[in-house]
Amino acid sequence: MSDAKSASPESSSAGLFPLRPLTDAMAAEVDRLLSGRTRDIRLTEELRRRFDERAWRQTAKIIRAWMIWVAFVDVLTLALNAILLPREIALSMVAPACLLPPAAILTALVWLKPRSAAVQRASLLGGMCLILLSVALVGVFAGGEYYERHLNIMLFVATSAITIFSVPLAWTIAIACYALGLYFVLQWYNPILEAGSVIAATLFFSCGIVATVVARRTMNILAQKTFLLDCRDQRRVAELADANGRLERLARTDPLTGIANRRWMMETLEGLWRSGGESGVVAAMLMCDIDHFKALNDKLGHGEGDRCLVKVAGIIQSCVRADRDLVSRHGGEEFLIVLPDVGEEEAMAIARRVRESVEAAALPNPSSGVGPSVTLSVGVALKSALDTDISLANLQHEADMALYRAKEAGRNQVCVFRRPQQATGQIAARR
């Protein structure tokens with residue numbers, strides 16, 4: 001409804017809420033407009049376009065309803081005139097009255113979906129011109145007392161449209177000027193009125209219509225202010241949501257390595273265990289520990305130790321299934337890996353791949369008792385659907401025990417925990 005073309009039908013008809021995000025420049029303009037006086041609000045072209053897109057659906061619905069009711073009232077009035085008025089007068093009203101329904105219905109049809117501003121403007125102003133002309137000519141053709149009566153009705157119709165149509169002020173002024181101009185011209189040729197009476201009546205009705213236009217302008221400005229407030233509020237809500245999102249990411253992410261922290265991992269696993277229900281949770285838990293990490297820190301410094309942790313975290317993530325497996329820094333130089341829905345063979349294969357990949361990276365650790373580079377010991381614990389009595393804490397404890405045995409066996413190894421009912425001893429997978 002602005003001078004620029006309106007957006008596509010899909011975005012306009014469905015675009016009441018939420019508003020699209022504002023650019024920084026538009027947000028600054030919104031703040032500037034809201035900081036000034038309400039009566040001084042003047043929307044920029046982009047803000048005007050967004051306002052029109054947002055308001056189109058409601059405005060179009062009001063215009064369509066008004067047009068349909070005007071057409072209905074016109075037909076009903078014509079039928080009543082045919083019954084109540086003398087035949088000759090009633091017949092004289094038919095031709096001009098028949099001009100109104102097609103004009104109103106055609107305008108309503110144009111406003112069924114968003115169109116360019118030029119089409120919307122032409123349809124509304126053209127339809128209003130024909131409607132007002134039809135009402136006025138009914139009185140002119142009937143003559144006598146109906147002449148001035150229908151001109152007054154025409155002004156009432158124009159005033160009602162001005163009041164309820166939330167359209168650009170220029171369109172409102174155009175309707176008002178046309179109605180007053182039509183009234184003055186037809187009254188000037190009214191045989192029963194003198195020139196002074198015509199001028200006085202026109203001035204009288206002009207005061208009322210001007211007041212209506214001013215009221216309509218005030219309503220438009222208030223609607224624009226509401227729109228600006230919504231823009232600002234939604235931007236603030238978006239900023240708050242973004243800040244909360246960042247805080248949430250910080251709360252669940254290890255700041256050094258960028259992977260999940262222990263707190264988030266345990267919360268996720270508790271949810272997994274709860275959702276498992278009676279069927280049990282099938283999973284493998286891998287507890288990984290960097291061998292002789294304290295010696296690395298003492299020899300190369302904490303900066304090199306931090307770089308080692310970051311690189312090892314990246315290597316571990318590259319060895320697991322990104323869309324299913326969970327990796328977290330469990331504390332210090334320990335990492336926890338959870339593999340949902342895997343058996344022992346697949347879990348051991350992933351554990352070996354992680355260990356071998358860390359060793360192949362050849363990260364320096366000259367003080368290691370295993371070799372010149374960084375190595376990893378891995379403990380594996382498994383829970384099947386049949387192990388319904390194994391809790392999360394039990395499985396974690398078993399992974400810790402398997403890791404302890406891998407270190408006891410010489411480090412840089414993968415060890416799987418076996419429960420007494422499964423077998424005795426442990427399986428150690430060496431290089």
# chains A, B, ... in the order shown; residues from 1 in each chain; ligands from 1

$ residues_around --residues "Arg121 of chain A" --least-positions-apart "3" --cutoff "8 Å" --atoms "only C-alpha atoms" --output "PDB file with C-alpha atoms, in the first residue's frame"
ATOM      1  CA  MET A   1       0.000   0.000   0.000  1.00  0.00           C
ATOM      2  CA  ALA A 117       0.509  -0.468  -4.732  1.00  0.00           C
ATOM      3  CA  ALA A 118      -0.605   1.133  -8.002  1.00  0.00           C
ATOM      4  CA  LEU A 124      -9.844   1.603  -4.169  1.00  0.00           C
ATOM      5  CA  LEU A 125     -10.014   5.182  -5.413  1.00  0.00           C
ATOM      6  CA  TRP A 171      -5.592   8.106  -0.451  1.00  0.00           C
TER       7      TRP A 171
END

$ residues_around --residues "Ala295 of chain A" --least-positions-apart "4" --cutoff "12 Å" --atoms "only C-alpha atoms" --output "mmCIF file with C-alpha atoms, in the first residue's frame"
data_model
loop_
_atom_site.group_PDB
_atom_site.id
_atom_site.type_symbol
_atom_site.label_atom_id
_atom_site.label_comp_id
_atom_site.auth_asym_id
_atom_site.auth_seq_id
_atom_site.Cartn_x
_atom_site.Cartn_y
_atom_site.Cartn_z
ATOM 1 C CA ILE A 290 46.115 -38.803 27.900
ATOM 2 C CA ASP A 291 49.135 -40.741 29.128
ATOM 3 C CA LYS A 299 58.279 -30.259 30.404
ATOM 4 C CA LEU A 300 56.669 -28.126 27.677
ATOM 5 C CA GLY A 301 54.511 -25.762 29.711
ATOM 6 C CA HIS A 302 50.796 -25.338 30.187
ATOM 7 C CA GLU A 304 51.578 -26.619 24.977
ATOM 8 C CA GLY A 305 49.427 -28.756 27.251
ATOM 9 C CA GLU A 333 43.111 -34.720 30.511
ATOM 10 C CA PRO A 364 55.195 -34.177 21.210
ATOM 11 C CA ASN A 365 55.462 -35.494 24.763
ATOM 12 C CA PRO A 366 59.185 -35.993 25.398
ATOM 13 C CA SER A 367 58.662 -36.868 29.066
ATOM 14 C CA SER A 368 56.221 -39.692 28.371
ATOM 15 C CA GLY A 369 57.169 -43.123 29.601
ATOM 16 C CA VAL A 370 55.411 -44.720 26.620
ATOM 17 C CA PRO A 372 58.154 -39.599 22.325
ATOM 18 C CA SER A 373 54.608 -38.568 21.375
ATOM 19 C CA VAL A 374 51.210 -38.213 23.018
#

$ select_by_dssp --residues "segment 258-429 of chain A" --states "helix (DSSP H, G or I)" --output "NGL selection string"
:A and (262-279 or 293-300 or 302-319 or 344-360 or 392-408)

$ residues_around --residues "Phe165 of chain A" --least-positions-apart "3" --cutoff "7 Å" --atoms "only C-alpha atoms" --output "ChimeraX atom specification"
/A:59,63,161-162

$ select_by_dssp --residues "segment 105-315 of chain A" --states "strand (DSSP E)" --output "ChimeraX atom specification"
/A:260-261,283-290

$ residues_around --residues "Arg39 of chain A" --least-positions-apart "2" --cutoff "10 Å" --atoms "only C-alpha atoms" --output "list in words"
Gly36, Arg37, Ile41, Arg42, Arg217, Thr218, Ile221, Leu222 and Lys225 of chain A

$ residues_around --residues "Pro96 of chain A" --least-positions-apart "6" --cutoff "7 Å" --atoms "only C-alpha atoms" --output "VMD selection string"
chain A and resid 134 137 to 138

$ residues_around --residues "segment 127-130 of chain A" --least-positions-apart "2" --cutoff "10 Å" --atoms "only C-alpha atoms" --output "ChimeraX atom specification"
/A:67,96,99-108,121-125,132-136,157-158,161,174-175,178-179,182

$ closest_residue --among "A:Val30, A:Val342, A:Ala283, A:Val94" --to "Ser391 of chain A" --atoms "only C-alpha atoms"
A:Ala283

$ closest_residue --among "A:Arg216, A:Arg235, A:Lys61, A:Arg419" --to "Asp387 of chain A" --atoms "only C-alpha atoms"
A:Arg419

$ atom_distance --atom1 "atom CA of Leu240 of chain A" --atom2 "atom CA of Gln58 of chain A"
29.7 Å

$ residues_around --residues "Leu336 of chain A" --least-positions-apart "4" --cutoff "12 Å" --atoms "only C-alpha atoms" --output "number ranges by chain"
A: 259-266, 269, 284-290, 313, 316-317, 320, 325-332, 351, 354, 377-381, 395-396, 399-400, 403

$ atom_distance --atom1 "atom CA of Ile164 of chain A" --atom2 "atom CA of Ala215 of chain A"
10.6 Å

$ closest_residue --among "A:Ser160, A:Thr226, A:Asn394, A:Ser197" --to "Val213 of chain A" --atoms "only C-alpha atoms"
A:Ser160

$ closest_residue --among "A:Ala195, A:Ile315, A:Ile131, A:Ala223" --to "Asp52 of chain A" --atoms "only C-alpha atoms"
A:Ala223
